[in-house]
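Asks: Below is one structure. I have some questions about it.
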Amino acid sequence: MINSARRNLKMKRIALFAGTAVLGLATLTACGNGSSSAPAPQSTPAASASNAPAKVSTATAGNFGKIVVDGTGRTLYVYDLDTAKPSKSNCYTGCAALWPPFLAGTGTPQVSGVDPSLVGTVARTDGTKQVTLAGWPLYHFANDSKAGDVNGQGVDGTWWVDSTSGQKITTQASSSGGNLGY
């Protein structure tokens, strides 16, 4: 019985490692060379499809503490290869397919739980405006299928959930499955 449990635990660890490796390679492909060969996203963020003003809010996320989310509770991420001063996105084509930019919509982004002076926008090369926090462009992760998912945390060592002060959080997700504490 104990050997069976150990074998099952070992198999789960191997599967987790393999899944993480595949996701990391997919991200390198999508974000490293600008190709459009990113894996098909599981879902697309509804907030980016609307012309309504973007909503920036917060949620408590296990061992992350308070993080920034959109108006539907979907986690927002920052990318180490972007810049904050001046604000600039470096995620386009294949990268943006896996990491859709959090678009501002029309008007000023609505803010709750975050200092409004930290929230702004940056123009993307296609003319759309992307929401920023403390100058950093914000993104969704296409493989976060619902509010509360934080599957993009630490991907490729360059993608991070963001604190309410605009500082990236580099803590790894707790063993609770990486979901927000709703």
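Please note that chains go A, B, ... in the order of the structure tokens, that every chain numbers its residues from 1, and that ligands are numbered from 1 in the order shown.
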Using only C-alpha atoms, determine which residues lie at most 10 Å from A:Pro101, disregarding the query and same-chain residues fewer than 6 positions distant; provide the list as a list in words.
Replies: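 Selected residues are Pro45, Ser48, Leu76, Tyr77, Val78, Ser89, Cys91, Tyr92, Cys95, Arg124, Thr128, Lys129, Gln130, Val131, Thr132, Pro137, Leu138, Tyr139, His140 and Phe141 of chain A.
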Asks: Could you check the closest approach to A:Ser117 for each of A:Pro53, A:Gly152, A:Gly65, A:Gly135 and tell me which residue wins, using only C-alpha atoms?
Replies: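 Smallest separation from A:Ser117 among the options: A:Gly135.
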Asks: Near stretch 161-174 of chain A, within 10 Å and counting only C-alpha atoms, which residues show up once chain neighbours fewer than 3 positions away are dropped, as JSON, numbers by chain?
Replies: {"A": [56, 57, 58, 59, 61, 62, 63, 64, 65, 66, 67, 68, 69, 75, 76, 77, 78, 79, 80, 113, 114, 115, 118, 119, 132, 133, 134, 135, 136, 138, 139, 140, 150, 151, 152, 153, 154, 157, 158, 177, 178, 179, 180]}
Asks: Nearest residue to A:Thr125 out of A:Thr60, A:Thr72, A:Asn51, A:Asn90, using only C-alpha atoms?
Replies: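 Among A:Thr60, A:Thr72, A:Asn51, A:Asn90, it is A:Asn90 that comes nearest to A:Thr125.
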Asks: For atom CA of A:Ala104 and atom CA of A:Ala54, determine how far apart the two atoms are, in Å to one decimal place.
Replies: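 Interatomic distance here is 4.9 Å.
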Asks: At what distance in Å, to one decimal, does atom CA of A:Leu81 lie from atom CA of A:Gly127?
Replies: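 For atom CA of A:Gly127 relative to atom CA of A:Leu81, the distance reads 20.2 Å.
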Asks: Determine the nearest neighbour of A:Lys146 from the options A:Lys55, A:Gly105, A:Arg74, A:Thr83, counting only C-alpha atoms.
Replies: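 Comparing A:Lys55, A:Gly105, A:Arg74, A:Thr83 against A:Lys146, the winner is A:Arg74.
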Asks: Please identify which residues in stretch 60-153 of chain A DSSP calls strand (DSSP E or B) from the backbone, and express them as an MDAnalysis selection string.
Replies: chainID A and resid 60:61 65:70 75 77:79 83:84 87:88 101 103 110:111 119:123 129:133 136:137 139 149
Asks: Could you take the residues named above and write them with C-alpha atoms, as an mmCIF file, in the first residue's frame?
Replies:
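New file part_23.cif:
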```
data_model
loop_
_atom_site.group_PDB
_atom_site.id
_atom_site.type_symbol
_atom_site.label_atom_id
_atom_site.label_comp_id
_atom_site.auth_asym_id
_atom_site.auth_seq_id
_atom_site.Cartn_x
_atom_site.Cartn_y
_atom_site.Cartn_z
ATOM 1 C CA THR A 60 -6.282 37.738 -2.317
ATOM 2 C CA ALA A 61 -4.166 34.988 -3.801
ATOM 3 C CA GLY A 65 -1.296 38.188 -0.781
ATOM 4 C CA LYS A 66 -3.290 40.833 -2.666
ATOM 5 C CA ILE A 67 -2.759 40.815 -6.420
ATOM 6 C CA VAL A 68 -4.176 42.781 -9.325
ATOM 7 C CA VAL A 69 -7.053 41.299 -11.347
ATOM 8 C CA ASP A 70 -9.418 42.547 -14.024
ATOM 9 C CA THR A 75 -5.314 37.483 -12.860
ATOM 10 C CA TYR A 77 0.571 39.637 -15.115
ATOM 11 C CA VAL A 78 3.665 41.710 -15.894
ATOM 12 C CA TYR A 79 6.473 40.714 -18.259
ATOM 13 C CA THR A 83 9.738 48.483 -19.569
ATOM 14 C CA ALA A 84 7.981 50.760 -17.094
ATOM 15 C CA SER A 87 6.014 52.212 -20.537
ATOM 16 C CA LYS A 88 6.568 49.820 -23.437
ATOM 17 C CA PRO A 101 -2.654 42.388 -23.464
ATOM 18 C CA LEU A 103 -6.704 46.481 -23.203
ATOM 19 C CA GLN A 110 -11.970 52.028 -13.513
ATOM 20 C CA VAL A 111 -9.975 51.242 -10.390
ATOM 21 C CA VAL A 119 -2.923 53.057 -13.337
ATOM 22 C CA GLY A 120 -2.370 54.296 -16.877
ATOM 23 C CA THR A 121 -2.195 53.155 -20.472
ATOM 24 C CA VAL A 122 0.416 52.684 -23.160
ATOM 25 C CA ALA A 123 -0.139 52.690 -26.922
ATOM 26 C CA LYS A 129 -4.205 51.079 -25.556
ATOM 27 C CA GLN A 130 -2.959 48.607 -22.968
ATOM 28 C CA VAL A 131 -3.543 49.156 -19.235
ATOM 29 C CA THR A 132 -0.409 49.707 -17.139
ATOM 30 C CA LEU A 133 0.265 49.599 -13.414
ATOM 31 C CA TRP A 136 4.246 48.118 -16.434
ATOM 32 C CA PRO A 137 1.905 46.841 -19.178
ATOM 33 C CA TYR A 139 -1.525 40.925 -19.520
ATOM 34 C CA ASP A 149 -6.362 30.877 -11.889
#
```
Asks: Find the residue from A:Thr93, A:Thr108, A:Asp156, A:Asp82 that sits nearest to A:Asp126; use only C-alpha atoms when measuring.
Replies: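 Under the stated criterion, the closest residue is A:Thr93.
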Asks: Pull the alpha helix (DSSP H) assignments for stretch 34-181 of chain A out of DSSP run on the backbone, and list those residues as a PyMOL selection string.
Replies: chain A and resi 93-98
Asks: At what distance in Å, to one decimal, does atom CA of A:Lys85 lie from atom CA of A:Asp144?
Replies: 28.1 Å
